[in-house]
Amino acid sequence: MYNYIKYKSPIGNIIVAEEDGKLIALVFNNQKYEKKHLAGEGTEKETPVLKKARNWLDKFFAGKNPDVSKLPLNPAGTDFQKKVWKQLEKIPYGKTVTYGDIAKKIKSTPRAVGSAVGRNPISIIVPCHRVIGADGSLTGYAGGVPKKKKLLKLEAID
């Protein structure tokens, strides 16, 4: 059983969930894989970790660079997906990397990395929006490419 809060962001409504004191999901309403990331019963209740997440999001949407290491994360996924998501956490605020950049670091393929990035259950905090195509294109985003554009613009990335 997980706890969750609803967060009204400038780019749409978000659900943030935690279980056992660790964040397990941050999803946009009706985002791809939303049902998978929030499976089972949940209770709407602001716990201490969800309050921290709310404060983190407030800072982020105010154009600041909050520290992701201050939040306890526990995304559910395969070992490979978790390896990719750890790389996402290392992408500096205001910067982008390509799927190929990540693939080289973990000795994989851009396609496999792209699949894992697309299944990131903790969007924004684990910044999958900072990953772009090799040609600079804004490839898919589970929350939708328009949201990805807005997130990059917020971080002053063209």
# chains A, B, ... in the order shown; residues from 1 in each chain; ligands from 1
$ select_by_dssp --residues "chain A" --states "strand (DSSP E or B)" --output "ChimeraX atom specification"
/A:2-9,12-19,22-28,42-44,73,97-98,122,131-132
$ closest_atom_pairs --of "segment 30-129 of chain A" --to "segment 147-152 of chain A" --cutoff "10 Å" --atoms "only C-alpha atoms" --output "CSV"
residue,atom,partner,partner_atom,distance
A:Phe60,CA,A:Leu151,CA,9.7
A:Phe61,CA,A:Leu151,CA,8.8
A:Gly63,CA,A:Leu151,CA,10.0
A:Tyr93,CA,A:Leu152,CA,9.5
A:Gly94,CA,A:Leu152,CA,7.5
A:Lys95,CA,A:Leu152,CA,8.8
A:Thr96,CA,A:Leu152,CA,8.8
A:Ile124,CA,A:Leu151,CA,8.1
A:Pro127,CA,A:Leu151,CA,9.5
A:Cys128,CA,A:Lys148,CA,8.9
A:His129,CA,A:Lys148,CA,5.5
$ write_last_selection --atoms "C-alpha atoms" --output "compact mmCIF listing (two decimals), in the first residue's frame"
# COMPACT_ATOMS: atom_id res chain seq x y z
CA PHE A 60 12.06 23.17 -9.22
CA PHE A 61 9.04 24.94 -10.72
CA GLY A 63 13.36 27.82 -11.50
CA TYR A 93 20.38 20.85 -14.17
CA GLY A 94 20.24 22.93 -17.35
CA LYS A 95 22.08 20.34 -19.45
CA THR A 96 21.05 17.57 -21.82
CA ILE A 124 11.18 15.25 -13.27
CA PRO A 127 15.27 13.92 -15.01
CA CYS A 128 14.43 11.85 -18.08
CA HIS A 129 13.32 15.08 -19.78
$ closest_residue --among "A:Pro146, A:Asp79, A:Arg119, A:Pro48" --to "Val27 of chain A" --atoms "only C-alpha atoms"
A:Arg119
$ closest_residue --among "A:Pro92, A:Gly144, A:Pro72, A:Pro110" --to "Glu19 of chain A" --atoms "only C-alpha atoms"
A:Pro72
$ decode --residues "segment 17-100 of chain A" --atoms "C-alpha atoms" --output "PDB file, in the first residue's frame"
ATOM      1  CA  ALA A  17       3.679   8.430  -4.419  1.00  0.00           C
ATOM      2  CA  GLU A  18       5.774   6.879  -1.675  1.00  0.00           C
ATOM      3  CA  GLU A  19       5.934   3.537   0.025  1.00  0.00           C
ATOM      4  CA  ASP A  20       7.860   2.744   3.196  1.00  0.00           C
ATOM      5  CA  GLY A  21       9.343   6.249   3.315  1.00  0.00           C
ATOM      6  CA  LYS A  22      10.734   6.241  -0.238  1.00  0.00           C
ATOM      7  CA  LEU A  23       9.431   7.810  -3.435  1.00  0.00           C
ATOM      8  CA  ILE A  24       8.168   5.233  -5.904  1.00  0.00           C
ATOM      9  CA  ALA A  25       6.425   7.369  -8.526  1.00  0.00           C
ATOM     10  CA  LEU A  26       5.924  10.834  -9.917  1.00  0.00           C
ATOM     11  CA  VAL A  27       3.545  10.675 -12.843  1.00  0.00           C
ATOM     12  CA  PHE A  28       1.372  13.048 -14.809  1.00  0.00           C
ATOM     13  CA  ASN A  29      -2.325  12.261 -14.914  1.00  0.00           C
ATOM     14  CA  ASN A  30      -2.972   9.956 -17.888  1.00  0.00           C
ATOM     15  CA  GLN A  31       0.718   9.537 -18.687  1.00  0.00           C
ATOM     16  CA  LYS A  32       1.983   6.457 -20.449  1.00  0.00           C
ATOM     17  CA  TYR A  33       2.644   3.667 -17.893  1.00  0.00           C
ATOM     18  CA  GLU A  34       0.766   5.574 -15.137  1.00  0.00           C
ATOM     19  CA  LYS A  35      -1.246   2.487 -14.172  1.00  0.00           C
ATOM     20  CA  LYS A  36       1.897   0.345 -13.988  1.00  0.00           C
ATOM     21  CA  HIS A  37       3.718   2.851 -11.751  1.00  0.00           C
ATOM     22  CA  LEU A  38       0.716   3.212  -9.429  1.00  0.00           C
ATOM     23  CA  ALA A  39      -0.580  -0.336  -9.253  1.00  0.00           C
ATOM     24  CA  GLY A  40      -2.587  -1.464  -6.242  1.00  0.00           C
ATOM     25  CA  GLU A  41      -4.244   0.469  -3.464  1.00  0.00           C
ATOM     26  CA  GLY A  42      -3.101   3.931  -2.503  1.00  0.00           C
ATOM     27  CA  THR A  43      -4.125   6.421   0.173  1.00  0.00           C
ATOM     28  CA  GLU A  44      -4.090  10.171  -0.354  1.00  0.00           C
ATOM     29  CA  LYS A  45      -1.988  11.309   2.596  1.00  0.00           C
ATOM     30  CA  GLU A  46       0.932  13.717   2.858  1.00  0.00           C
ATOM     31  CA  THR A  47       3.713  11.874   4.658  1.00  0.00           C
ATOM     32  CA  PRO A  48       7.069  13.468   5.600  1.00  0.00           C
ATOM     33  CA  VAL A  49       8.723  12.167   2.408  1.00  0.00           C
ATOM     34  CA  LEU A  50       5.838  13.432   0.259  1.00  0.00           C
ATOM     35  CA  LYS A  51       6.128  16.828   1.942  1.00  0.00           C
ATOM     36  CA  LYS A  52       9.831  16.826   1.007  1.00  0.00           C
ATOM     37  CA  ALA A  53       8.875  15.932  -2.569  1.00  0.00           C
ATOM     38  CA  ARG A  54       6.286  18.753  -2.656  1.00  0.00           C
ATOM     39  CA  ASN A  55       8.929  21.238  -1.449  1.00  0.00           C
ATOM     40  CA  TRP A  56      11.394  19.882  -4.027  1.00  0.00           C
ATOM     41  CA  LEU A  57       8.832  20.386  -6.812  1.00  0.00           C
ATOM     42  CA  ASP A  58       7.977  23.893  -5.559  1.00  0.00           C
ATOM     43  CA  LYS A  59      11.657  24.823  -5.823  1.00  0.00           C
ATOM     44  CA  PHE A  60      12.058  23.165  -9.222  1.00  0.00           C
ATOM     45  CA  PHE A  61       9.037  24.944 -10.723  1.00  0.00           C
ATOM     46  CA  ALA A  62      10.308  28.228  -9.234  1.00  0.00           C
ATOM     47  CA  GLY A  63      13.355  27.824 -11.505  1.00  0.00           C
ATOM     48  CA  LYS A  64      15.739  26.631  -8.810  1.00  0.00           C
ATOM     49  CA  ASN A  65      17.949  23.543  -8.830  1.00  0.00           C
ATOM     50  CA  PRO A  66      16.882  21.396  -5.870  1.00  0.00           C
ATOM     51  CA  ASP A  67      19.172  18.535  -4.837  1.00  0.00           C
ATOM     52  CA  VAL A  68      17.803  15.122  -5.856  1.00  0.00           C
ATOM     53  CA  SER A  69      20.068  13.387  -3.338  1.00  0.00           C
ATOM     54  CA  LYS A  70      17.917  14.828  -0.519  1.00  0.00           C
ATOM     55  CA  LEU A  71      15.018  12.607  -1.591  1.00  0.00           C
ATOM     56  CA  PRO A  72      14.875   8.871  -0.834  1.00  0.00           C
ATOM     57  CA  LEU A  73      14.087   7.107  -4.116  1.00  0.00           C
ATOM     58  CA  ASN A  74      12.974   3.542  -4.735  1.00  0.00           C
ATOM     59  CA  PRO A  75      11.811   3.202  -8.346  1.00  0.00           C
ATOM     60  CA  ALA A  76      10.574  -0.264  -9.296  1.00  0.00           C
ATOM     61  CA  GLY A  77      12.245  -1.707 -12.364  1.00  0.00           C
ATOM     62  CA  THR A  78      14.734  -4.174 -13.731  1.00  0.00           C
ATOM     63  CA  ASP A  79      18.401  -3.976 -12.812  1.00  0.00           C
ATOM     64  CA  PHE A  80      19.113  -2.536 -16.264  1.00  0.00           C
ATOM     65  CA  GLN A  81      16.413   0.129 -15.911  1.00  0.00           C
ATOM     66  CA  LYS A  82      17.733   1.118 -12.482  1.00  0.00           C
ATOM     67  CA  LYS A  83      21.239   1.417 -13.953  1.00  0.00           C
ATOM     68  CA  VAL A  84      19.915   3.802 -16.612  1.00  0.00           C
ATOM     69  CA  TRP A  85      17.878   5.804 -14.080  1.00  0.00           C
ATOM     70  CA  LYS A  86      20.993   6.260 -11.906  1.00  0.00           C
ATOM     71  CA  GLN A  87      22.672   7.824 -14.954  1.00  0.00           C
ATOM     72  CA  LEU A  88      19.703  10.181 -15.358  1.00  0.00           C
ATOM     73  CA  GLU A  89      20.210  11.442 -11.806  1.00  0.00           C
ATOM     74  CA  LYS A  90      23.740  12.507 -12.804  1.00  0.00           C
ATOM     75  CA  ILE A  91      22.607  14.813 -15.630  1.00  0.00           C
ATOM     76  CA  PRO A  92      23.229  18.368 -14.406  1.00  0.00           C
ATOM     77  CA  TYR A  93      20.378  20.847 -14.175  1.00  0.00           C
ATOM     78  CA  GLY A  94      20.238  22.934 -17.347  1.00  0.00           C
ATOM     79  CA  LYS A  95      22.079  20.337 -19.450  1.00  0.00           C
ATOM     80  CA  THR A  96      21.051  17.572 -21.824  1.00  0.00           C
ATOM     81  CA  VAL A  97      22.616  14.305 -22.898  1.00  0.00           C
ATOM     82  CA  THR A  98      21.745  11.890 -25.676  1.00  0.00           C
ATOM     83  CA  TYR A  99      20.579   8.305 -25.404  1.00  0.00           C
ATOM     84  CA  GLY A 100      23.894   7.407 -27.047  1.00  0.00           C
TER      85      GLY A 100
END
